[in-house]
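What follows is model_38.pdb (PDB, C-alpha atoms, pLDDT in the B column).
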ATOM      1  CA  VAL P   1       3.202  -0.757 -21.870  1.00 31.00           C
ATOM      2  CA  PHE P   2       1.463   2.080 -20.062  1.00 31.00           C
ATOM      3  CA  VAL P   3       1.666   5.627 -21.309  1.00 32.00           C
ATOM      4  CA  LEU P   4       2.869   8.352 -18.981  1.00 34.00           C
ATOM      5  CA  CYS P   5       0.302  11.062 -19.390  1.00 34.00           C
ATOM      6  CA  ALA P   6       0.224  14.553 -17.959  1.00 34.00           C
ATOM      7  CA  PHE P   7      -0.450  14.350 -14.257  1.00 33.00           C
ATOM      8  CA  PRO P   8      -3.614  15.993 -12.938  1.00 36.00           C
ATOM      9  CA  THR P   9      -3.909  18.190  -9.900  1.00 35.00           C
ATOM     10  CA  LEU P  10      -6.196  16.257  -7.591  1.00 37.00           C
ATOM     11  CA  ALA P  11      -7.726  17.333  -4.311  1.00 38.00           C
ATOM     12  CA  SER P  12      -6.149  15.138  -1.661  1.00 50.00           C
ATOM     13  CA  THR P  13      -5.546  15.596   2.037  1.00 60.00           C
ATOM     14  CA  ASN P  14      -2.368  13.585   1.438  1.00 77.00           C
ATOM     15  CA  CYS P  15      -1.135  16.004  -1.179  1.00 89.00           C
ATOM     16  CA  PRO P  16      -2.323  19.478  -0.199  1.00 89.00           C
ATOM     17  CA  ALA P  17      -1.744  22.605  -2.274  1.00 89.00           C
ATOM     18  CA  PRO P  18       0.735  23.841  -3.386  1.00 92.00           C
ATOM     19  CA  PHE P  19       1.903  20.261  -3.988  1.00 94.00           C
ATOM     20  CA  ILE P  20       0.878  18.450  -7.157  1.00 94.00           C
ATOM     21  CA  SER P  21      -0.839  15.076  -6.931  1.00 94.00           C
ATOM     22  CA  SER P  22      -1.138  12.264  -9.432  1.00 94.00           C
ATOM     23  CA  THR P  23      -2.694   8.812  -9.199  1.00 94.00           C
ATOM     24  CA  SER P  24      -3.619   7.797 -12.751  1.00 92.00           C
ATOM     25  CA  ASN P  25      -0.386   5.941 -13.557  1.00 94.00           C
ATOM     26  CA  THR P  26       0.100   4.267 -10.171  1.00 97.00           C
ATOM     27  CA  PHE P  27      -3.041   2.193  -9.587  1.00 97.00           C
ATOM     28  CA  GLY P  28      -4.477   4.978  -7.430  1.00 96.00           C
ATOM     29  CA  LEU P  29      -1.425   5.447  -5.214  1.00 96.00           C
ATOM     30  CA  VAL P  30      -0.572   9.094  -4.650  1.00 95.00           C
ATOM     31  CA  VAL P  31       2.624  10.544  -6.041  1.00 97.00           C
ATOM     32  CA  CYS P  32       2.942  13.986  -4.513  1.00 96.00           C
ATOM     33  CA  GLY P  33       5.450  16.390  -6.008  1.00 96.00           C
ATOM     34  CA  SER P  34       6.490  19.921  -5.259  1.00 95.00           C
ATOM     35  CA  SER P  35       5.642  22.475  -7.907  1.00 92.00           C
ATOM     36  CA  SER P  36       9.344  23.275  -8.265  1.00 92.00           C
ATOM     37  CA  ILE P  37      10.385  19.931  -9.764  1.00 93.00           C
ATOM     38  CA  LEU P  38      10.386  19.311 -13.491  1.00 93.00           C
ATOM     39  CA  SER P  39       7.517  17.208 -14.811  1.00 94.00           C
ATOM     40  CA  ARG P  40       9.851  14.486 -16.067  1.00 95.00           C
ATOM     41  CA  TYR P  41      10.971  13.782 -12.492  1.00 96.00           C
ATOM     42  CA  HIS P  42       7.396  13.436 -11.335  1.00 96.00           C
ATOM     43  CA  ALA P  43       6.706  11.127 -14.277  1.00 96.00           C
ATOM     44  CA  HIS P  44       9.800   9.082 -13.439  1.00 96.00           C
ATOM     45  CA  ALA P  45       8.628   8.615  -9.842  1.00 97.00           C
ATOM     46  CA  GLU P  46       5.264   7.412 -11.159  1.00 97.00           C
ATOM     47  CA  LYS P  47       6.936   4.929 -13.485  1.00 96.00           C
ATOM     48  CA  VAL P  48       9.205   3.505 -10.781  1.00 96.00           C
ATOM     49  CA  LEU P  49       6.377   3.110  -8.264  1.00 98.00           C
ATOM     50  CA  ARG P  50       4.103   1.520 -10.842  1.00 97.00           C
ATOM     51  CA  ASN P  51       6.817  -0.940 -11.876  1.00 96.00           C
ATOM     52  CA  LEU P  52       7.238  -2.002  -8.246  1.00 97.00           C
ATOM     53  CA  ILE P  53       3.517  -2.670  -7.912  1.00 97.00           C
ATOM     54  CA  ASP P  54       3.382  -4.365 -11.326  1.00 97.00           C
ATOM     55  CA  TYR P  55       6.822  -5.952 -11.531  1.00 95.00           C
ATOM     56  CA  ASP P  56       5.879  -8.423 -14.279  1.00 93.00           C
ATOM     57  CA  HIS P  57       4.464  -5.579 -16.420  1.00 94.00           C
ATOM     58  CA  ASN P  58       1.164  -7.289 -17.181  1.00 94.00           C
ATOM     59  CA  LEU P  59      -0.828  -4.144 -16.311  1.00 95.00           C
ATOM     60  CA  VAL P  60      -2.239  -5.839 -13.183  1.00 96.00           C
ATOM     61  CA  PRO P  61      -0.941  -5.282  -9.616  1.00 97.00           C
ATOM     62  CA  ASP P  62       1.167  -8.255  -8.569  1.00 96.00           C
ATOM     63  CA  ASN P  63      -0.273  -8.374  -5.058  1.00 97.00           C
ATOM     64  CA  LYS P  64      -3.721  -6.824  -4.835  1.00 97.00           C
ATOM     65  CA  LYS P  65      -3.768  -7.139  -1.038  1.00 98.00           C
ATOM     66  CA  VAL P  66      -0.644  -5.024  -0.742  1.00 98.00           C
ATOM     67  CA  LEU P  67      -2.016  -2.369  -3.091  1.00 98.00           C
ATOM     68  CA  LYS P  68      -5.332  -2.270  -1.222  1.00 97.00           C
ATOM     69  CA  GLU P  69      -3.518  -1.843   2.094  1.00 97.00           C
ATOM     70  CA  MET P  70      -1.373   0.984   0.757  1.00 96.00           C
ATOM     71  CA  LEU P  71      -4.446   2.753  -0.576  1.00 95.00           C
ATOM     72  CA  SER P  72      -6.288   2.355   2.727  1.00 94.00           C
ATOM     73  CA  ASN P  73      -3.199   3.636   4.584  1.00 90.00           C
ATOM     74  CA  ASN P  74      -3.121   6.746   2.357  1.00 92.00           C
ATOM     75  CA  ALA P  75       0.478   5.901   1.467  1.00 95.00           C
ATOM     76  CA  VAL P  76       2.194   8.739  -0.389  1.00 95.00           C
ATOM     77  CA  PHE P  77       5.361   8.897  -2.471  1.00 97.00           C
ATOM     78  CA  LEU P  78       6.863  12.369  -2.208  1.00 97.00           C
ATOM     79  CA  VAL P  79       9.080  13.894  -4.895  1.00 97.00           C
ATOM     80  CA  LEU P  80      10.756  17.066  -3.669  1.00 97.00           C
ATOM     81  CA  SER P  81      13.621  19.354  -4.523  1.00 95.00           C
ATOM     82  CA  ARG P  82      14.732  20.450  -1.056  1.00 94.00           C
ATOM     83  CA  GLU P  83      14.207  19.760   2.652  1.00 94.00           C
ATOM     84  CA  GLU P  84      12.200  22.936   3.221  1.00 95.00           C
ATOM     85  CA  GLU P  85       9.465  21.425   1.053  1.00 95.00           C
ATOM     86  CA  LEU P  86       9.344  18.370   3.298  1.00 94.00           C
ATOM     87  CA  GLU P  87       8.958  20.605   6.328  1.00 92.00           C
ATOM     88  CA  LEU P  88       6.095  22.420   4.595  1.00 92.00           C
ATOM     89  CA  TYR P  89       4.406  19.140   3.667  1.00 92.00           C
ATOM     90  CA  GLU P  90       4.613  17.896   7.230  1.00 90.00           C
ATOM     91  CA  ARG P  91       3.097  21.116   8.562  1.00 89.00           C
ATOM     92  CA  ILE P  92       0.090  21.249   6.250  1.00 88.00           C
ATOM     93  CA  SER P  93      -0.696  17.586   5.566  1.00 85.00           C
ATOM     94  CA  ASP P  94      -3.462  16.029   7.648  1.00 74.00           C
ATOM     95  CA  ASP P  95      -1.654  12.690   7.738  1.00 62.00           C
ATOM     96  CA  HIS P  96       1.998  12.877   6.817  1.00 61.00           C
ATOM     97  CA  LEU P  97       3.391   9.843   8.599  1.00 72.00           C
ATOM     98  CA  ARG P  98       2.798   7.290   5.842  1.00 91.00           C
ATOM     99  CA  PHE P  99       5.165   8.439   3.138  1.00 94.00           C
ATOM    100  CA  THR P 100       8.635   8.088   1.754  1.00 96.00           C
ATOM    101  CA  VAL P 101      10.483  10.845  -0.036  1.00 96.00           C
ATOM    102  CA  VAL P 102      12.983  11.069  -2.867  1.00 97.00           C
ATOM    103  CA  TYR P 103      14.753  14.302  -3.740  1.00 97.00           C
ATOM    104  CA  GLU P 104      15.203  15.412  -7.317  1.00 95.00           C
ATOM    105  CA  GLU P 105      19.006  15.473  -7.003  1.00 94.00           C
ATOM    106  CA  GLU P 106      18.998  11.773  -6.010  1.00 94.00           C
ATOM    107  CA  MET P 107      16.994  10.632  -9.024  1.00 96.00           C
ATOM    108  CA  VAL P 108      18.703   9.089 -12.052  1.00 93.00           C
ATOM    109  CA  LEU P 109      16.740   9.282 -15.282  1.00 92.00           C
ATOM    110  CA  SER P 110      19.566   8.158 -17.579  1.00 82.00           C
ATOM    111  CA  ASP P 111      21.673   5.011 -17.989  1.00 75.00           C
ATOM    112  CA  ALA P 112      24.576   6.523 -16.081  1.00 68.00           C
ATOM    113  CA  LYS P 113      26.541   4.320 -13.660  1.00 73.00           C
ATOM    114  CA  GLU P 114      24.637   5.626 -10.688  1.00 79.00           C
ATOM    115  CA  PHE P 115      21.988   3.912  -8.624  1.00 86.00           C
ATOM    116  CA  ASP P 116      18.571   5.524  -8.823  1.00 90.00           C
ATOM    117  CA  ALA P 117      17.405   6.380  -5.300  1.00 94.00           C
ATOM    118  CA  THR P 118      13.844   6.511  -6.629  1.00 96.00           C
ATOM    119  CA  VAL P 119      13.812   2.707  -6.597  1.00 96.00           C
ATOM    120  CA  GLU P 120      14.937   2.508  -2.987  1.00 96.00           C
ATOM    121  CA  GLU P 121      12.505   5.072  -1.605  1.00 97.00           C
ATOM    122  CA  ALA P 122       9.525   3.756  -3.575  1.00 98.00           C
ATOM    123  CA  LEU P 123      10.265   0.187  -2.467  1.00 98.00           C
ATOM    124  CA  HIS P 124      10.481   1.351   1.149  1.00 98.00           C
ATOM    125  CA  LEU P 125       6.920   2.629   0.754  1.00 98.00           C
ATOM    126  CA  VAL P 126       5.707  -0.682  -0.673  1.00 98.00           C
ATOM    127  CA  THR P 127       7.250  -2.824   2.064  1.00 98.00           C
ATOM    128  CA  ALA P 128       6.574  -0.538   5.036  1.00 97.00           C
ATOM    129  CA  GLU P 129       3.011   0.464   4.154  1.00 96.00           C
ATOM    130  CA  GLY P 130       2.062  -2.658   2.221  1.00 97.00           C
ATOM    131  CA  TYR P 131       3.786  -5.931   3.026  1.00 98.00           C
ATOM    132  CA  SER P 132       4.502  -5.240   6.697  1.00 98.00           C
ATOM    133  CA  LYS P 133       0.812  -4.580   7.348  1.00 97.00           C
ATOM    134  CA  VAL P 134      -0.757  -7.238   5.111  1.00 98.00           C
ATOM    135  CA  TYR P 135       1.609  -9.921   6.429  1.00 98.00           C
ATOM    136  CA  PRO P 136       2.604  -8.755   9.927  1.00 98.00           C
ATOM    137  CA  THR P 137       3.768 -12.173  11.139  1.00 98.00           C
ATOM    138  CA  HIS P 138       5.988 -12.458   8.065  1.00 98.00           C
ATOM    139  CA  PHE P 139       7.059  -8.880   7.298  1.00 98.00           C
ATOM    140  CA  GLY P 140       6.207  -6.969  10.458  1.00 98.00           C
ATOM    141  CA  GLU P 141       8.799  -4.352  11.343  1.00 97.00           C
ATOM    142  CA  PHE P 142       9.312  -5.668  14.862  1.00 97.00           C
ATOM    143  CA  LYS P 143      11.249  -8.326  16.724  1.00 97.00           C
ATOM    144  CA  GLY P 144       9.542 -11.701  16.381  1.00 97.00           C
ATOM    145  CA  SER P 145       8.345 -11.430  12.799  1.00 98.00           C
ATOM    146  CA  GLU P 146       9.748 -13.917  10.320  1.00 98.00           C
ATOM    147  CA  ILE P 147      11.749 -11.280   8.478  1.00 98.00           C
ATOM    148  CA  SER P 148      13.291 -10.110  11.762  1.00 98.00           C
ATOM    149  CA  THR P 149      14.769 -13.584  12.206  1.00 98.00           C
ATOM    150  CA  PHE P 150      16.479 -13.275   8.835  1.00 98.00           C
ATOM    151  CA  LEU P 151      17.610  -9.759   9.716  1.00 98.00           C
ATOM    152  CA  ASP P 152      19.254 -10.968  12.915  1.00 98.00           C
ATOM    153  CA  LYS P 153      21.117 -13.659  10.986  1.00 98.00           C
ATOM    154  CA  ALA P 154      22.254 -11.134   8.393  1.00 98.00           C
ATOM    155  CA  ARG P 155      23.555  -8.741  11.068  1.00 98.00           C
ATOM    156  CA  GLY P 156      25.297 -11.481  13.054  1.00 97.00           C
ATOM    157  CA  GLY P 157      22.880 -11.292  15.981  1.00 97.00           C
ATOM    158  CA  PHE P 158      20.018  -9.310  17.501  1.00 97.00           C
ATOM    159  CA  PHE P 159      20.787  -5.636  17.982  1.00 97.00           C
ATOM    160  CA  GLU P 160      17.979  -3.428  19.196  1.00 94.00           C
ATOM    161  CA  ASP P 161      20.282  -0.452  18.707  1.00 93.00           C
ATOM    162  CA  VAL P 162      22.947  -0.044  16.053  1.00 94.00           C
ATOM    163  CA  PRO P 163      26.175  -1.577  17.446  1.00 95.00           C
ATOM    164  CA  MET P 164      29.578   0.069  17.393  1.00 94.00           C
ATOM    165  CA  GLU P 165      30.752  -2.814  15.207  1.00 96.00           C
ATOM    166  CA  TYR P 166      29.005  -5.789  13.631  1.00 97.00           C
ATOM    167  CA  PRO P 167      30.328  -9.365  13.932  1.00 97.00           C
ATOM    168  CA  SER P 168      32.713 -10.473  11.177  1.00 95.00           C
ATOM    169  CA  ASP P 169      30.162 -12.937   9.757  1.00 95.00           C
ATOM    170  CA  ALA P 170      27.490 -10.248   9.215  1.00 97.00           C
ATOM    171  CA  PHE P 171      26.574  -9.523   5.604  1.00 97.00           C
ATOM    172  CA  PHE P 172      24.246  -6.587   6.328  1.00 98.00           C
ATOM    173  CA  THR P 173      26.000  -3.842   8.271  1.00 97.00           C
ATOM    174  CA  TYR P 174      23.984  -0.636   8.410  1.00 96.00           C
ATOM    175  CA  TYR P 175      25.501   1.915  10.792  1.00 96.00           C
ATOM    176  CA  ASP P 176      22.971   4.746  10.617  1.00 95.00           C
ATOM    177  CA  LYS P 177      22.265   5.491  14.303  1.00 94.00           C
ATOM    178  CA  THR P 178      18.914   7.101  13.429  1.00 95.00           C
ATOM    179  CA  CYS P 179      17.653   3.820  11.956  1.00 96.00           C
ATOM    180  CA  ASP P 180      15.884   1.840  14.687  1.00 96.00           C
ATOM    181  CA  TYR P 181      15.108  -1.885  14.554  1.00 97.00           C
ATOM    182  CA  GLY P 182      11.995  -1.453  12.399  1.00 97.00           C
ATOM    183  CA  CYS P 183      13.925   0.794  10.041  1.00 96.00           C
ATOM    184  CA  GLN P 184      16.671  -1.832   9.800  1.00 97.00           C
ATOM    185  CA  ILE P 185      14.044  -4.327   8.601  1.00 98.00           C
ATOM    186  CA  THR P 186      12.913  -1.878   5.931  1.00 97.00           C
ATOM    187  CA  GLU P 187      16.489  -1.404   4.730  1.00 97.00           C
ATOM    188  CA  PHE P 188      17.164  -5.146   4.850  1.00 98.00           C
ATOM    189  CA  LEU P 189      14.114  -5.855   2.685  1.00 98.00           C
ATOM    190  CA  TYR P 190      15.229  -3.263   0.166  1.00 97.00           C
ATOM    191  CA  TRP P 191      18.636  -4.889  -0.193  1.00 96.00           C
ATOM    192  CA  SER P 192      17.222  -8.415  -0.331  1.00 97.00           C
ATOM    193  CA  ILE P 193      14.499  -7.731  -2.886  1.00 97.00           C
ATOM    194  CA  THR P 194      16.606  -5.596  -5.210  1.00 95.00           C
ATOM    195  CA  THR P 195      19.380  -8.186  -5.083  1.00 95.00           C
ATOM    196  CA  LEU P 196      16.976 -10.956  -6.064  1.00 95.00           C
ATOM    197  CA  ARG P 197      15.745  -8.742  -8.893  1.00 93.00           C
ATOM    198  CA  GLY P 198      19.274  -8.236 -10.179  1.00 89.00           C
ATOM    199  CA  GLN P 199      19.357  -4.508  -9.454  1.00 87.00           C
ATOM    200  CA  GLN P 200      22.603  -4.578  -7.443  1.00 85.00           C
ATOM    201  CA  ARG P 201      24.631  -6.890  -9.691  1.00 77.00           C
ATOM    202  CA  PHE P 202      26.722  -4.291 -11.542  1.00 71.00           C
ATOM    203  CA  ASN P 203      30.498  -4.404 -10.994  1.00 67.00           C
ATOM    204  CA  TRP P 204      30.636  -0.696 -10.192  1.00 66.00           C
ATOM    205  CA  ARG P 205      27.799  -1.157  -7.688  1.00 73.00           C
ATOM    206  CA  ASP P 206      29.598  -3.918  -5.772  1.00 70.00           C
ATOM    207  CA  PHE P 207      32.335  -1.527  -4.643  1.00 74.00           C
ATOM    208  CA  GLU P 208      29.782   1.114  -3.620  1.00 81.00           C
ATOM    209  CA  ILE P 209      27.720  -1.111  -1.357  1.00 88.00           C
ATOM    210  CA  GLU P 210      30.167  -3.587   0.197  1.00 87.00           C
ATOM    211  CA  HIS P 211      30.440  -1.542   3.397  1.00 90.00           C
ATOM    212  CA  GLU P 212      26.720  -2.159   3.963  1.00 95.00           C
ATOM    213  CA  TRP P 213      25.655  -5.147   1.883  1.00 95.00           C
ATOM    214  CA  ARG P 214      27.890  -8.035   0.769  1.00 93.00           C
ATOM    215  CA  PRO P 215      25.907 -10.226  -1.656  1.00 93.00           C
ATOM    216  CA  GLU P 216      25.332  -7.961  -4.653  1.00 88.00           C
ATOM    217  CA  SER P 217      24.069 -10.814  -6.871  1.00 91.00           C
ATOM    218  CA  LYS P 218      21.177 -13.246  -6.624  1.00 93.00           C
ATOM    219  CA  GLU P 219      23.640 -16.153  -6.754  1.00 94.00           C
ATOM    220  CA  LYS P 220      25.662 -14.816  -3.808  1.00 94.00           C
ATOM    221  CA  LEU P 221      22.532 -14.200  -1.750  1.00 96.00           C
ATOM    222  CA  LYS P 222      21.346 -17.744  -2.435  1.00 96.00           C
ATOM    223  CA  ALA P 223      24.702 -19.066  -1.257  1.00 97.00           C
ATOM    224  CA  ILE P 224      24.808 -16.940   1.902  1.00 96.00           C
ATOM    225  CA  ALA P 225      21.115 -17.049   2.904  1.00 97.00           C
ATOM    226  CA  PRO P 226      19.190 -19.750   1.015  1.00 98.00           C
ATOM    227  CA  ASP P 227      16.414 -19.772   3.619  1.00 98.00           C
ATOM    228  CA  LEU P 228      15.867 -16.021   3.128  1.00 98.00           C
ATOM    229  CA  VAL P 229      15.640 -16.482  -0.632  1.00 98.00           C
ATOM    230  CA  ARG P 230      13.113 -19.305  -0.270  1.00 97.00           C
ATOM    231  CA  PHE P 231      11.057 -17.126   2.056  1.00 98.00           C
ATOM    232  CA  LEU P 232      10.942 -14.154  -0.320  1.00 98.00           C
ATOM    233  CA  LEU P 233      10.126 -16.402  -3.273  1.00 97.00           C
ATOM    234  CA  ARG P 234       6.937 -17.758  -1.715  1.00 97.00           C
ATOM    235  CA  SER P 235       4.217 -17.468  -4.327  1.00 95.00           C
ATOM    236  CA  GLU P 236       1.726 -15.935  -1.869  1.00 96.00           C
ATOM    237  CA  PHE P 237       3.885 -12.793  -1.564  1.00 97.00           C
ATOM    238  CA  GLU P 238       4.303 -12.292  -5.332  1.00 95.00           C
ATOM    239  CA  ILE P 239       7.503 -10.334  -4.912  1.00 94.00           C
ATOM    240  CA  LEU P 240       9.245 -11.735  -7.993  1.00 86.00           C
TER     241      LEU P 240
END
Conversion result in C-alpha cells:
Amino acid sequence: VFVLCAFPTLASTNCPAPFISSTSNTFGLVVCGSSSILSRYHAHAEKVLRNLIDYDHNLVPDNKKVLKEMLSNNAVFLVLSREEELELYERISDDHLRFTVVYEEEMVLSDAKEFDATVEEALHLVTAEGYSKVYPTHFGEFKGSEISTFLDKARGGFFEDVPMEYPSDAFFTYYDKTCDYGCQITEFLYWSITTLRGQQRFNWRDFEIEHEWRPESKEKLKAIAPDLVRFLLRSEFEIL
C-alpha cells in the first residue's frame, strides 16, 4: 500500500504557477491542482489516478507502454474548484490540450451513495492519452478502429453526429451534442471498463445511469456484448 505524502510544488510547463503540481504518487504523471482546493482533494485525485494505472495494487504499472505514452504526451489530471481556474490554466499553460479535469464539488471522498466523478475523469485521461495512442488500431478514437466497431453496435449503428433518438436496441445512448465521435468512444470505454470492474453494479446506480448505459453489471455486459468483453480482457491490454 502506498503512502500519500505531502505533494511538492514542482516546476512544470504543464502545471504553471499558481497551480500546484505533484507526481510522486502517480508514477510521474502530473496531477495539477488549484491552490484553492483542500489538500485532501488533491491527494484523492492522486490516489484514484494511481489506482487506475496500478489496478492490481502490486506497486507496478499494469501497462508500462500506456504509462510511458502518457508521460511523453505530458498528460495532466487537473483538480479545480471552479471554471475560472480552467480558463486561467488554458491561458497560461504551454500545452493544455492533453488533460482532463475534475471539479472539487464532483469528487466523493466518502462512502456515500454517490458516484465519484474523479474515477471517470481520470480514466478518460488514461484511455484518451494512453490506450488510444499506444494501440491506435484497437483503441483509436476514430471510425475504423476496433473499439469504434463495438461503439457502433452499442449505439445501434454508426452516427457521426449525435442522433435525435437512438434505435431501440442500443445500450449506450449518450445525447450530449458537444461530444463528437471520438468523444463518444472515450465515454463508451469509461462505461465498459468500469462495468467490467464492478464499479457500476450498485442498485442505486442502475437507476441513475439507465438513460445512458443499460448493462450496469459485468454479467449483463457479457450477455449483451460478449465480443466486447473478450476484446477488453485481452492480456496484452492489461485492463483488468
At a cut-off of 12 Å from (10.0, -0.3, 11.5) in the coordinates of the file, what residues are picked up using all atoms listed in the file, written as an mmCIF file with C-alpha atoms, in the coordinates of the input?
data_model
loop_
_atom_site.group_PDB
_atom_site.id
_atom_site.type_symbol
_atom_site.label_atom_id
_atom_site.label_comp_id
_atom_site.auth_asym_id
_atom_site.auth_seq_id
_atom_site.Cartn_x
_atom_site.Cartn_y
_atom_site.Cartn_z
ATOM 1 C CA ARG P 98 2.798 7.290 5.842
ATOM 2 C CA HIS P 124 10.481 1.351 1.149
ATOM 3 C CA LEU P 125 6.920 2.629 0.754
ATOM 4 C CA THR P 127 7.250 -2.824 2.064
ATOM 5 C CA ALA P 128 6.574 -0.538 5.036
ATOM 6 C CA GLU P 129 3.011 0.464 4.154
ATOM 7 C CA TYR P 131 3.786 -5.931 3.026
ATOM 8 C CA SER P 132 4.502 -5.240 6.697
ATOM 9 C CA LYS P 133 0.812 -4.580 7.348
ATOM 10 C CA PRO P 136 2.604 -8.755 9.927
ATOM 11 C CA PHE P 139 7.059 -8.880 7.298
ATOM 12 C CA GLY P 140 6.207 -6.969 10.458
ATOM 13 C CA GLU P 141 8.799 -4.352 11.343
ATOM 14 C CA PHE P 142 9.312 -5.668 14.862
ATOM 15 C CA LYS P 143 11.249 -8.326 16.724
ATOM 16 C CA SER P 145 8.345 -11.430 12.799
ATOM 17 C CA ILE P 147 11.749 -11.280 8.478
ATOM 18 C CA SER P 148 13.291 -10.110 11.762
ATOM 19 C CA GLU P 160 17.979 -3.428 19.196
ATOM 20 C CA THR P 178 18.914 7.101 13.429
ATOM 21 C CA CYS P 179 17.653 3.820 11.956
ATOM 22 C CA ASP P 180 15.884 1.840 14.687
ATOM 23 C CA TYR P 181 15.108 -1.885 14.554
ATOM 24 C CA GLY P 182 11.995 -1.453 12.399
ATOM 25 C CA CYS P 183 13.925 0.794 10.041
ATOM 26 C CA GLN P 184 16.671 -1.832 9.800
ATOM 27 C CA ILE P 185 14.044 -4.327 8.601
ATOM 28 C CA THR P 186 12.913 -1.878 5.931
ATOM 29 C CA GLU P 187 16.489 -1.404 4.730
ATOM 30 C CA PHE P 188 17.164 -5.146 4.850
ATOM 31 C CA LEU P 189 14.114 -5.855 2.685
#
Q. Quick one, how far is atom CA of Glu84 of chain P from atom CA of Val48 of chain P?
A.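 Answer for the atom CA of Glu84 of chain P to atom CA of Val48 of chain P separation: 24.1 Å.
Interatomic distance, atom CA of Leu29 of chain P against atom CA of Phe237 of chain P: 19.3 Å.
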Q.
Under the rule that all atoms listed in the file are counted, which of P:Arg234, P:Arg40, P:His138, P:Arg205 is the nearest residue to Lys113 of chain P?
A.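 Of the candidates, the smallest distance to Lys113 of chain P is held by P:Arg205.
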Q.
Which residues, named as in the file, does the PyMOL selection byres ((chain P and resi 118) around 8) pick out? Answer as a PyMOL selection string.
A. chain P and resi 45+48+102+106-108+116-117+119-122
Spatial neighbours of Val79 of chain P, max dist 7 Å, only C-alpha atoms, sep filter under 2 positions, as an mmCIF file with C-alpha atoms, in the frame of the given file:
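After the write, around.cif holds the following:
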data_model
loop_
_atom_site.group_PDB
_atom_site.id
_atom_site.type_symbol
_atom_site.label_atom_id
_atom_site.label_comp_id
_atom_site.auth_asym_id
_atom_site.auth_seq_id
_atom_site.Cartn_x
_atom_site.Cartn_y
_atom_site.Cartn_z
ATOM 1 C CA CYS P 32 2.942 13.986 -4.513
ATOM 2 C CA GLY P 33 5.450 16.390 -6.008
ATOM 3 C CA SER P 34 6.490 19.921 -5.259
ATOM 4 C CA HIS P 42 7.396 13.436 -11.335
ATOM 5 C CA PHE P 77 5.361 8.897 -2.471
ATOM 6 C CA VAL P 101 10.483 10.845 -0.036
ATOM 7 C CA VAL P 102 12.983 11.069 -2.867
ATOM 8 C CA TYR P 103 14.753 14.302 -3.740
ATOM 9 C CA GLU P 104 15.203 15.412 -7.317
#
**Q.** Atom-to-atom span, atom CA of Tyr166 of chain P and atom CA of Gly130 of chain P, Å
**A.**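 Separating atom CA of Tyr166 of chain P from atom CA of Gly130 of chain P is a distance of 29.4 Å.
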Q: For the file shown, report as a PyMOL selection string the outcome of the PyMOL selection byres ((chain P and resi 43) around 12) at residue level.
A: chain P and resi 2-8+20-26+31-33+37-42+44-50+79+104+107+109+118
Q.
So, with only C-alpha atoms as the atoms that count, which of P:Gln200, P:Leu232, P:Leu71, P:Asp62 lies closest to Phe99 of chain P?
A.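 Comparing P:Gln200, P:Leu232, P:Leu71, P:Asp62 against Phe99 of chain P, the winner is P:Leu71.
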